[in-house]
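Shown next, in structure tokens, is the structure this report addresses.
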Amino acid sequence: MKRNTGIICIIAAVLVVFTAAPAIAIADPQTSFMVCGCVSDADGNPCNGSYVRITNSDTGVSWNARNASESNYYQLLITSDDVSDGDTLRFAVVYGGESAETECTVTPGDINRGVFYVDIPIGALPGDVNGDGEVTPADAVIALNMAVCGEHSEVADVSGDGKVTSLDALMILQWS
Ligand SMILES: [Ca+2]
Ligand SMILES: [Ca+2]
């Protein structure tokens, strides 16, 4: 009987220790999310020192990307709290007297990688995939090939959903 009482006391003591332990809050770990890329003109020449402002269209929050005057690379470091899968980021770019806007949708893969790489063309004609200054059926054919091969180009992604699909090829064909 005495021995049983001892065991009960030990169990009770253990229970007290465990229940008294502060609950550890388990929250989703916040991870960094990098938005970066390069700004280039229609011929692919770097647009150094361009100004890039990025807006999450789904939350309405905007940020200025960091960019150096000696580079056409821009970079913005935010966190996984700032973007969600399916959010659309809008990129407004100013370079010299020119400006451009492009939109891209964040995918689950981007969230997992923690990096969202978007090259921004300035002065490029949307849909002019071969860069000859006009939108023709030839551009639609190239866009369709890109869709089949899974390649990406901002100029070919005329629907602005972040990927080149047969829909983009169809839209380019309708514009030509
Ligand atoms: Ca063309
Ligand atoms: Ca598209």
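Going by the structure tokens order, chains are called A, B, ..., each with residues numbered from 1, while ligands are numbered from 1 in the order shown.
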
8 Å contact set for Asp161 (chain A), only C-alpha atoms, chain neighbours under 2 positions out, as a list in words: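 Counting only the stated atoms, we get Glu103, Cys104, Thr105, Asp157, Ser159 and Lys163 of chain A.
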
Per residue of chain A within 10 Å of ligand 1, what are the shortest atom pair and its distance in Å to one decimal, counting only C-alpha atoms and all ligand atoms, with rows by chain and residue number, as a tab-separated table?
residue	atom	partner	partner_atom_place_in_ligand_line	distance
A:Leu125	CA	ligand 1	1 (Ca)	8.6
A:Pro126	CA	ligand 1	1 (Ca)	9.4
A:Gly127	CA	ligand 1	1 (Ca)	7.1
A:Asp128	CA	ligand 1	1 (Ca)	4.0
A:Val129	CA	ligand 1	1 (Ca)	5.5
A:Asn130	CA	ligand 1	1 (Ca)	4.7
A:Gly131	CA	ligand 1	1 (Ca)	5.2
A:Asp132	CA	ligand 1	1 (Ca)	4.7
A:Gly133	CA	ligand 1	1 (Ca)	5.7
A:Glu134	CA	ligand 1	1 (Ca)	4.5
A:Val135	CA	ligand 1	1 (Ca)	4.4
A:Thr136	CA	ligand 1	1 (Ca)	5.4
A:Pro137	CA	ligand 1	1 (Ca)	8.0
A:Ala138	CA	ligand 1	1 (Ca)	6.6
A:Asp139	CA	ligand 1	1 (Ca)	5.1
A:Ala140	CA	ligand 1	1 (Ca)	8.6
A:Ile142	CA	ligand 1	1 (Ca)	9.4
A:Ile172	CA	ligand 1	1 (Ca)	9.6
A:Ser176	CA	ligand 1	1 (Ca)	9.0

Find the nearest atom pair between each residue of region 93-131 of chain A and region 36-46 of chain A for residues within 8 Å, count only C-alpha atoms, give distances in Å to one decimal, sort rows by chain and ascending number, and present the table as JSON lines.
{"residue": "A:Val115", "atom": "CA", "partner": "A:Cys36", "partner_atom": "CA", "distance": 7.6}
{"residue": "A:Phe116", "atom": "CA", "partner": "A:Cys36", "partner_atom": "CA", "distance": 6.3}
{"residue": "A:Tyr117", "atom": "CA", "partner": "A:Cys36", "partner_atom": "CA", "distance": 5.0}
{"residue": "A:Val118", "atom": "CA", "partner": "A:Gly37", "partner_atom": "CA", "distance": 4.8}
{"residue": "A:Asp119", "atom": "CA", "partner": "A:Gly37", "partner_atom": "CA", "distance": 4.8}
{"residue": "A:Ile120", "atom": "CA", "partner": "A:Val39", "partner_atom": "CA", "distance": 4.7}
{"residue": "A:Pro121", "atom": "CA", "partner": "A:Ser40", "partner_atom": "CA", "distance": 5.0}
{"residue": "A:Ile122", "atom": "CA", "partner": "A:Asp41", "partner_atom": "CA", "distance": 4.7}
{"residue": "A:Gly123", "atom": "CA", "partner": "A:Ala42", "partner_atom": "CA", "distance": 5.5}
{"residue": "A:Ala124", "atom": "CA", "partner": "A:Ala42", "partner_atom": "CA", "distance": 4.3}
{"residue": "A:Leu125", "atom": "CA", "partner": "A:Ala42", "partner_atom": "CA", "distance": 7.6}
{"residue": "A:Gly131", "atom": "CA", "partner": "A:Ala42", "partner_atom": "CA", "distance": 6.9}

Site check for ligand 2: residues at most 10 Å away, only C-alpha atoms and all ligand atoms, as number ranges by chain: A: 104, 143, 147, 152-169, 171

Any chance you can output those residues with C-alpha atoms as a PDB file, in the first residue's frame?
ATOM      1  CA  CYS A 104       2.489  38.030 -62.420  1.00  0.00           C
ATOM      2  CA  ALA A 143       4.322  31.596 -78.324  1.00  0.00           C
ATOM      3  CA  ALA A 147       3.661  26.892 -74.377  1.00  0.00           C
ATOM      4  CA  HIS A 152       8.498  31.648 -70.375  1.00  0.00           C
ATOM      5  CA  SER A 153       8.727  35.181 -71.705  1.00  0.00           C
ATOM      6  CA  GLU A 154       7.038  38.286 -70.334  1.00  0.00           C
ATOM      7  CA  VAL A 155       6.378  39.529 -73.862  1.00  0.00           C
ATOM      8  CA  ALA A 156       4.664  36.270 -74.838  1.00  0.00           C
ATOM      9  CA  ASP A 157       2.597  36.122 -71.644  1.00  0.00           C
ATOM     10  CA  VAL A 158       0.029  38.618 -72.930  1.00  0.00           C
ATOM     11  CA  SER A 159      -2.676  37.346 -70.558  1.00  0.00           C
ATOM     12  CA  GLY A 160      -0.367  38.259 -67.653  1.00  0.00           C
ATOM     13  CA  ASP A 161      -0.969  35.126 -65.597  1.00  0.00           C
ATOM     14  CA  GLY A 162       2.732  34.333 -65.246  1.00  0.00           C
ATOM     15  CA  LYS A 163       2.872  31.522 -67.792  1.00  0.00           C
ATOM     16  CA  VAL A 164       2.830  31.140 -71.544  1.00  0.00           C
ATOM     17  CA  THR A 165      -0.039  28.945 -72.687  1.00  0.00           C
ATOM     18  CA  SER A 166      -2.033  28.314 -75.863  1.00  0.00           C
ATOM     19  CA  LEU A 167      -4.378  31.105 -74.687  1.00  0.00           C
ATOM     20  CA  ASP A 168      -1.522  33.606 -75.097  1.00  0.00           C
ATOM     21  CA  ALA A 169      -0.807  32.238 -78.587  1.00  0.00           C
ATOM     22  CA  MET A 171      -4.603  36.203 -78.142  1.00  0.00           C
TER      23      MET A 171
END

8 Å contact set for Ala68 (chain A), only C-alpha atoms, chain neighbours under 5 positions out, as a list in words: Asn48, Gly49, Tyr73 and Tyr74 of chain A

Write to file, as a short mmCIF file (atom, residue, chain, number, x, y, z; two decimals), in the first residue's frame, the residues of the selection just made, with N, CA and C atoms.
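Heads up, here's the output in again35.cif:
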data_model
loop_
_atom_site.label_atom_id
_atom_site.label_comp_id
_atom_site.auth_asym_id
_atom_site.auth_seq_id
_atom_site.Cartn_x
_atom_site.Cartn_y
_atom_site.Cartn_z
N ASN A 48 19.74 50.12 -66.61
CA ASN A 48 20.34 50.32 -65.29
C ASN A 48 19.67 51.43 -64.52
N GLY A 49 19.50 51.21 -63.22
CA GLY A 49 18.97 52.25 -62.35
C GLY A 49 17.49 52.51 -62.54
N TYR A 73 19.37 45.11 -62.17
CA TYR A 73 18.79 44.11 -61.28
C TYR A 73 18.02 44.81 -60.17
N TYR A 74 16.81 44.36 -59.92
CA TYR A 74 16.06 44.90 -58.78
C TYR A 74 15.80 43.78 -57.80
#

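You will find CA of Gly60 (chain A) at 10.0 Å from CA of Arg90 (chain A).
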
DSSP-assigned strand (DSSP E) among region 10-174 of chain A, expressed as a PyMOL selection string: chain A and resi 32-41+51-56+62-64+66-67+73-79+88-95+98-105+115-117+120-122

Nearest candidate to Thr107 (chain A) (options A:Val61, A:Leu89, A:Val94, A:Val148; using only C-alpha atoms):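 When distances to Thr107 (chain A) are compared using only C-alpha atoms, the smallest one comes from A:Leu89.
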
In region 11-166 of chain A, DSSP helix (DSSP H, G or I) residues written as a PyMOL selection string: chain A and resi 11-20+108-113+137-149+166

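Residue nearest Ser32 (chain A), chosen from A:Ser57, A:Ser62, A:Ser71, A:Asn112 and counting only C-alpha atoms: A:Asn112.
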
Contacts of Asp85 (chain A) at 8 Å (only C-alpha atoms; same-chain gap of 4+ positions) as a PyMOL selection string: chain A and resi 106-108+111

Residues just named, written with C-alpha atoms as a short mmCIF file (atom, residue, chain, number, x, y, z; two decimals), in the first residue's frame:
data_model
loop_
_atom_site.label_atom_id
_atom_site.label_comp_id
_atom_site.auth_asym_id
_atom_site.auth_seq_id
_atom_site.Cartn_x
_atom_site.Cartn_y
_atom_site.Cartn_z
CA VAL A 106 2.48 33.80 -57.40
CA THR A 107 2.37 30.01 -57.59
CA PRO A 108 2.79 27.43 -54.77
CA ILE A 111 6.15 30.23 -52.23
#

Name the residues in contact with Glu101 (chain A) at a cut-off of 7 Å, using only C-alpha atoms, excluding same-chain residues fewer than 2 positions from it; report them as a PDB file with N, CA and C atoms, in the first residue's frame.
ATOM      1  N   PHE A  91       3.958  45.025 -61.179  1.00  0.00           N
ATOM      2  CA  PHE A  91       5.265  45.677 -61.244  1.00  0.00           C
ATOM      3  C   PHE A  91       5.134  46.940 -62.081  1.00  0.00           C
ATOM      4  N   ALA A  92       5.378  48.087 -61.472  1.00  0.00           N
ATOM      5  CA  ALA A  92       5.378  49.349 -62.203  1.00  0.00           C
ATOM      6  C   ALA A  92       6.828  49.810 -62.299  1.00  0.00           C
ATOM      7  N   VAL A  93       7.297  49.993 -63.519  1.00  0.00           N
ATOM      8  CA  VAL A  93       8.700  50.312 -63.749  1.00  0.00           C
ATOM      9  C   VAL A  93       8.823  51.651 -64.466  1.00  0.00           C
ATOM     10  N   GLU A 103       2.164  42.207 -64.734  1.00  0.00           N
ATOM     11  CA  GLU A 103       1.569  41.505 -63.582  1.00  0.00           C
ATOM     12  C   GLU A 103       1.959  40.033 -63.634  1.00  0.00           C
TER      13      GLU A 103
END
